[in-house]
Amino acid sequence: MAKIDRVYWDSDCFLGYLKGERDKIGICRGTADRAQEGDLIIITSAITLIEVVRLQKQPVQLSAKDARKIAQFFQNPYIYVHNVDSAVATLARQLIWDHNLQQRDSIHVATALLRTIPKLHTFDERLLKLNGKLGNPKLCICRPEIPGQMDLGSLYEEKKGPDA
């Protein structure tokens, strides 16, 4: 039986994929496609379920229809959601103290480290600076790296501005 690769996604990967963000969808789609084919498992923290309920950096909640789509997406068998337990919280707290991480970011990193996930995918520049500096073996913190097709649909169509 072939070993299935594992990758950790923080919330901005899920948001980029589900919202179809132009700068993220292509490389996130490649990872998601590979997971759908059974070659990869996407792992995340339960905190992601809280972070993927609002439009990024906006106070507007998602519609009920979109909320159902997001909830269904997280039910896919290739997505594993890990709880925040005391071990994760303790390590996350230490990461805040040692590396000045935001609380939620520290939970993502701690979960990846404790589950010995080889790669953490993110678009967060503060996390990317920690690539190869944490864990044993060292955690690779990088942007998603598997290109995907750009012509498939997403939950959100980007709205064109007046100058588009």
# chains A, B, ... in the order shown; residues from 1 in each chain; ligands from 1

$ residues_around --residues "Asp12 of chain A" --least-positions-apart "3" --cutoff "9 Å" --atoms "only C-alpha atoms" --output "PyMOL selection string"
chain A and resi 9+15-17+24+48+51-52+56+121-124

$ write_last_selection --atoms "N, CA and C atoms" --output "PDB file, in the first residue's frame"
ATOM      1  N   TRP A   9      -3.104  22.678   6.072  1.00  0.00           N
ATOM      2  CA  TRP A   9      -3.584  23.940   5.499  1.00  0.00           C
ATOM      3  C   TRP A   9      -4.025  24.833   6.639  1.00  0.00           C
ATOM      4  N   LEU A  15      -9.731  29.583   2.649  1.00  0.00           N
ATOM      5  CA  LEU A  15     -10.424  30.783   2.160  1.00  0.00           C
ATOM      6  C   LEU A  15     -10.064  31.068   0.705  1.00  0.00           C
ATOM      7  N   GLY A  16      -8.789  30.985   0.381  1.00  0.00           N
ATOM      8  CA  GLY A  16      -8.368  31.229  -1.000  1.00  0.00           C
ATOM      9  C   GLY A  16      -9.010  30.259  -1.973  1.00  0.00           C
ATOM     10  N   TYR A  17      -9.103  29.005  -1.557  1.00  0.00           N
ATOM     11  CA  TYR A  17      -9.718  27.977  -2.408  1.00  0.00           C
ATOM     12  C   TYR A  17     -11.226  28.165  -2.508  1.00  0.00           C
ATOM     13  N   LYS A  24      -4.645  32.879  -5.238  1.00  0.00           N
ATOM     14  CA  LYS A  24      -4.490  31.650  -4.445  1.00  0.00           C
ATOM     15  C   LYS A  24      -5.135  30.425  -5.064  1.00  0.00           C
ATOM     16  N   THR A  48      -9.806  26.347  12.341  1.00  0.00           N
ATOM     17  CA  THR A  48     -10.102  26.725  10.959  1.00  0.00           C
ATOM     18  C   THR A  48     -11.605  26.835  10.729  1.00  0.00           C
ATOM     19  N   GLU A  51     -12.437  30.229  11.643  1.00  0.00           N
ATOM     20  CA  GLU A  51     -11.857  31.260  10.783  1.00  0.00           C
ATOM     21  C   GLU A  51     -12.506  31.328   9.408  1.00  0.00           C
ATOM     22  N   VAL A  52     -13.099  30.249   8.951  1.00  0.00           N
ATOM     23  CA  VAL A  52     -13.692  30.218   7.615  1.00  0.00           C
ATOM     24  C   VAL A  52     -15.208  30.384   7.718  1.00  0.00           C
ATOM     25  N   GLN A  56     -12.905  37.310   4.377  1.00  0.00           N
ATOM     26  CA  GLN A  56     -11.628  37.717   4.941  1.00  0.00           C
ATOM     27  C   GLN A  56     -11.567  39.226   5.172  1.00  0.00           C
ATOM     28  N   HIS A 121       1.001  24.563   4.659  1.00  0.00           N
ATOM     29  CA  HIS A 121       0.744  25.508   3.576  1.00  0.00           C
ATOM     30  C   HIS A 121       0.062  26.751   4.136  1.00  0.00           C
ATOM     31  N   THR A 122       0.557  27.899   3.718  1.00  0.00           N
ATOM     32  CA  THR A 122       0.026  29.177   4.165  1.00  0.00           C
ATOM     33  C   THR A 122       0.390  30.260   3.162  1.00  0.00           C
ATOM     34  N   PHE A 123      -0.274  31.394   3.279  1.00  0.00           N
ATOM     35  CA  PHE A 123       0.102  32.594   2.532  1.00  0.00           C
ATOM     36  C   PHE A 123       0.561  33.691   3.498  1.00  0.00           C
ATOM     37  N   ASP A 124       0.601  33.375   4.767  1.00  0.00           N
ATOM     38  CA  ASP A 124       0.944  34.327   5.818  1.00  0.00           C
ATOM     39  C   ASP A 124       2.460  34.540   5.863  1.00  0.00           C
TER      40      ASP A 124
END

$ select_by_dssp --residues "segment 8-157 of chain A" --states "strand (DSSP E)" --output "PyMOL selection string"
chain A and resi 8-9+40-45+79-82+119-121+140-142

$ residues_around --residues "segment 72-88 of chain A" --least-positions-apart "5" --cutoff "10 Å" --atoms "only C-alpha atoms" --output "PDB file with N, CA and C atoms, in the first residue's frame"
ATOM      1  N   ARG A   6       0.692  13.892   3.526  1.00  0.00           N
ATOM      2  CA  ARG A   6      -0.129  14.736   4.389  1.00  0.00           C
ATOM      3  C   ARG A   6       0.400  16.160   4.307  1.00  0.00           C
ATOM      4  N   VAL A   7      -0.506  17.101   4.288  1.00  0.00           N
ATOM      5  CA  VAL A   7      -0.148  18.518   4.292  1.00  0.00           C
ATOM      6  C   VAL A   7      -1.124  19.246   5.211  1.00  0.00           C
ATOM      7  N   TYR A   8      -0.608  20.237   5.903  1.00  0.00           N
ATOM      8  CA  TYR A   8      -1.445  21.049   6.780  1.00  0.00           C
ATOM      9  C   TYR A   8      -1.826  22.311   6.026  1.00  0.00           C
ATOM     10  N   TRP A   9      -3.104  22.678   6.072  1.00  0.00           N
ATOM     11  CA  TRP A   9      -3.584  23.940   5.499  1.00  0.00           C
ATOM     12  C   TRP A   9      -4.025  24.833   6.639  1.00  0.00           C
ATOM     13  N   PHE A  14      -7.789  27.557   2.850  1.00  0.00           N
ATOM     14  CA  PHE A  14      -9.199  27.215   2.660  1.00  0.00           C
ATOM     15  C   PHE A  14      -9.976  28.406   2.096  1.00  0.00           C
ATOM     16  N   LEU A  18     -11.892  28.284  -1.386  1.00  0.00           N
ATOM     17  CA  LEU A  18     -13.351  28.355  -1.373  1.00  0.00           C
ATOM     18  C   LEU A  18     -13.883  29.656  -1.978  1.00  0.00           C
ATOM     19  N   ALA A  32      -5.978  20.492  -3.533  1.00  0.00           N
ATOM     20  CA  ALA A  32      -7.319  19.926  -3.330  1.00  0.00           C
ATOM     21  C   ALA A  32      -7.608  18.823  -4.341  1.00  0.00           C
ATOM     22  N   ARG A  34      -5.442  16.855  -5.823  1.00  0.00           N
ATOM     23  CA  ARG A  34      -4.649  15.687  -5.441  1.00  0.00           C
ATOM     24  C   ARG A  34      -5.289  14.963  -4.256  1.00  0.00           C
ATOM     25  N   ALA A  35      -5.842  15.733  -3.318  1.00  0.00           N
ATOM     26  CA  ALA A  35      -6.533  15.134  -2.178  1.00  0.00           C
ATOM     27  C   ALA A  35      -7.790  14.394  -2.638  1.00  0.00           C
ATOM     28  N   GLN A  36      -8.545  14.990  -3.539  1.00  0.00           N
ATOM     29  CA  GLN A  36      -9.752  14.342  -4.050  1.00  0.00           C
ATOM     30  C   GLN A  36      -9.433  13.039  -4.768  1.00  0.00           C
ATOM     31  N   GLU A  37      -8.257  12.963  -5.380  1.00  0.00           N
ATOM     32  CA  GLU A  37      -7.832  11.749  -6.079  1.00  0.00           C
ATOM     33  C   GLU A  37      -7.322  10.675  -5.115  1.00  0.00           C
ATOM     34  N   GLY A  38      -7.207  11.012  -3.823  1.00  0.00           N
ATOM     35  CA  GLY A  38      -6.787  10.044  -2.831  1.00  0.00           C
ATOM     36  C   GLY A  38      -5.291   9.975  -2.608  1.00  0.00           C
ATOM     37  N   ASP A  39      -4.536  10.919  -3.169  1.00  0.00           N
ATOM     38  CA  ASP A  39      -3.080  10.917  -3.041  1.00  0.00           C
ATOM     39  C   ASP A  39      -2.572  11.762  -1.882  1.00  0.00           C
ATOM     40  N   LEU A  40      -3.467  12.483  -1.217  1.00  0.00           N
ATOM     41  CA  LEU A  40      -3.048  13.461  -0.228  1.00  0.00           C
ATOM     42  C   LEU A  40      -4.155  13.643   0.802  1.00  0.00           C
ATOM     43  N   ILE A  41      -3.772  13.883   2.034  1.00  0.00           N
ATOM     44  CA  ILE A  41      -4.720  14.231   3.085  1.00  0.00           C
ATOM     45  C   ILE A  41      -4.421  15.658   3.522  1.00  0.00           C
ATOM     46  N   ILE A  42      -5.455  16.478   3.579  1.00  0.00           N
ATOM     47  CA  ILE A  42      -5.321  17.851   4.060  1.00  0.00           C
ATOM     48  C   ILE A  42      -5.721  17.861   5.528  1.00  0.00           C
ATOM     49  N   ILE A  43      -4.810  18.324   6.359  1.00  0.00           N
ATOM     50  CA  ILE A  43      -5.042  18.359   7.794  1.00  0.00           C
ATOM     51  C   ILE A  43      -5.139  19.806   8.237  1.00  0.00           C
ATOM     52  N   THR A  44      -6.016  20.069   9.183  1.00  0.00           N
ATOM     53  CA  THR A  44      -6.145  21.409   9.736  1.00  0.00           C
ATOM     54  C   THR A  44      -6.612  21.312  11.182  1.00  0.00           C
ATOM     55  N   SER A  45      -6.634  22.441  11.838  1.00  0.00           N
ATOM     56  CA  SER A  45      -7.103  22.515  13.222  1.00  0.00           C
ATOM     57  C   SER A  45      -8.585  22.868  13.246  1.00  0.00           C
ATOM     58  N   ALA A  46      -9.244  22.502  14.306  1.00  0.00           N
ATOM     59  CA  ALA A  46     -10.650  22.886  14.482  1.00  0.00           C
ATOM     60  C   ALA A  46     -10.814  24.402  14.472  1.00  0.00           C
ATOM     61  N   ILE A  47      -9.770  25.142  14.795  1.00  0.00           N
ATOM     62  CA  ILE A  47      -9.841  26.611  14.772  1.00  0.00           C
ATOM     63  C   ILE A  47     -10.176  27.112  13.362  1.00  0.00           C
ATOM     64  N   THR A  48      -9.806  26.347  12.341  1.00  0.00           N
ATOM     65  CA  THR A  48     -10.102  26.725  10.959  1.00  0.00           C
ATOM     66  C   THR A  48     -11.605  26.835  10.729  1.00  0.00           C
ATOM     67  N   LEU A  49     -12.369  25.979  11.394  1.00  0.00           N
ATOM     68  CA  LEU A  49     -13.822  26.023  11.236  1.00  0.00           C
ATOM     69  C   LEU A  49     -14.389  27.353  11.716  1.00  0.00           C
ATOM     70  N   ASP A  66     -23.936  29.530   1.416  1.00  0.00           N
ATOM     71  CA  ASP A  66     -22.487  29.378   1.389  1.00  0.00           C
ATOM     72  C   ASP A  66     -21.979  28.701   2.655  1.00  0.00           C
ATOM     73  N   ALA A  67     -22.618  28.970   3.775  1.00  0.00           N
ATOM     74  CA  ALA A  67     -22.238  28.320   5.032  1.00  0.00           C
ATOM     75  C   ALA A  67     -22.425  26.805   4.914  1.00  0.00           C
ATOM     76  N   ARG A  93       0.999  28.364  23.022  1.00  0.00           N
ATOM     77  CA  ARG A  93       1.380  29.439  23.942  1.00  0.00           C
ATOM     78  C   ARG A  93       2.888  29.680  23.892  1.00  0.00           C
ATOM     79  N   GLN A  94       3.664  28.599  23.863  1.00  0.00           N
ATOM     80  CA  GLN A  94       5.124  28.735  23.790  1.00  0.00           C
ATOM     81  C   GLN A  94       5.547  29.383  22.469  1.00  0.00           C
ATOM     82  N   SER A 106      -0.538  30.441  15.980  1.00  0.00           N
ATOM     83  CA  SER A 106       0.226  29.545  16.856  1.00  0.00           C
ATOM     84  C   SER A 106      -0.475  28.189  16.996  1.00  0.00           C
ATOM     85  N   ILE A 107      -1.790  28.185  16.976  1.00  0.00           N
ATOM     86  CA  ILE A 107      -2.545  26.925  17.044  1.00  0.00           C
ATOM     87  C   ILE A 107      -2.313  26.101  15.783  1.00  0.00           C
ATOM     88  N   HIS A 108      -2.300  26.760  14.623  1.00  0.00           N
ATOM     89  CA  HIS A 108      -2.034  26.040  13.367  1.00  0.00           C
ATOM     90  C   HIS A 108      -0.642  25.410  13.398  1.00  0.00           C
ATOM     91  N   VAL A 109       0.352  26.180  13.762  1.00  0.00           N
ATOM     92  CA  VAL A 109       1.724  25.670  13.786  1.00  0.00           C
ATOM     93  C   VAL A 109       1.858  24.556  14.817  1.00  0.00           C
ATOM     94  N   ALA A 110       1.318  24.753  16.001  1.00  0.00           N
ATOM     95  CA  ALA A 110       1.405  23.727  17.052  1.00  0.00           C
ATOM     96  C   ALA A 110       0.737  22.427  16.611  1.00  0.00           C
ATOM     97  N   THR A 111      -0.406  22.515  15.963  1.00  0.00           N
ATOM     98  CA  THR A 111      -1.099  21.311  15.490  1.00  0.00           C
ATOM     99  C   THR A 111      -0.249  20.577  14.467  1.00  0.00           C
ATOM    100  N   ALA A 112       0.329  21.311  13.519  1.00  0.00           N
ATOM    101  CA  ALA A 112       1.177  20.685  12.501  1.00  0.00           C
ATOM    102  C   ALA A 112       2.394  20.019  13.141  1.00  0.00           C
ATOM    103  N   LEU A 113       3.004  20.702  14.101  1.00  0.00           N
ATOM    104  CA  LEU A 113       4.184  20.145  14.764  1.00  0.00           C
ATOM    105  C   LEU A 113       3.850  18.888  15.563  1.00  0.00           C
ATOM    106  N   LEU A 114       2.794  18.929  16.348  1.00  0.00           N
ATOM    107  CA  LEU A 114       2.445  17.789  17.194  1.00  0.00           C
ATOM    108  C   LEU A 114       1.946  16.596  16.389  1.00  0.00           C
ATOM    109  N   ARG A 115       1.375  16.833  15.238  1.00  0.00           N
ATOM    110  CA  ARG A 115       0.897  15.741  14.365  1.00  0.00           C
ATOM    111  C   ARG A 115       1.980  15.311  13.386  1.00  0.00           C
TER     112      ARG A 115
END

$ atom_distance --atom1 "atom CA of Leu128 of chain A" --atom2 "atom CA of Ile70 of chain A"
25.9 Å

$ residues_around --residues "Leu139 of chain A" --least-positions-apart "6" --cutoff "10 Å" --atoms "only C-alpha atoms" --output "CSV table (one decimal) with C-alpha atoms, in the first residue's frame"
chain,number,residue,atom,x,y,z
A,109,VAL,CA,1.7,25.7,13.8
A,112,ALA,CA,1.2,20.7,12.5
A,113,LEU,CA,4.2,20.1,14.8
A,116,THR,CA,4.3,15.6,12.6
A,117,ILE,CA,2.9,17.0,9.4
A,118,PRO,CA,5.9,17.6,7.0
A,119,LYS,CA,4.4,20.7,5.3
A,120,LEU,CA,2.3,23.6,6.5
A,130,LEU,CA,9.6,30.3,10.2
A,131,ASN,CA,10.1,27.8,7.4
A,132,GLY,CA,12.6,25.1,8.5
A,133,LYS,CA,13.1,26.7,11.9

$ select_by_dssp --residues "segment 2-161 of chain A" --states "helix (DSSP H, G or I)" --output "PyMOL selection string"
chain A and resi 11-19+25-36+47-51+64-73+86-99+103-114+125-128
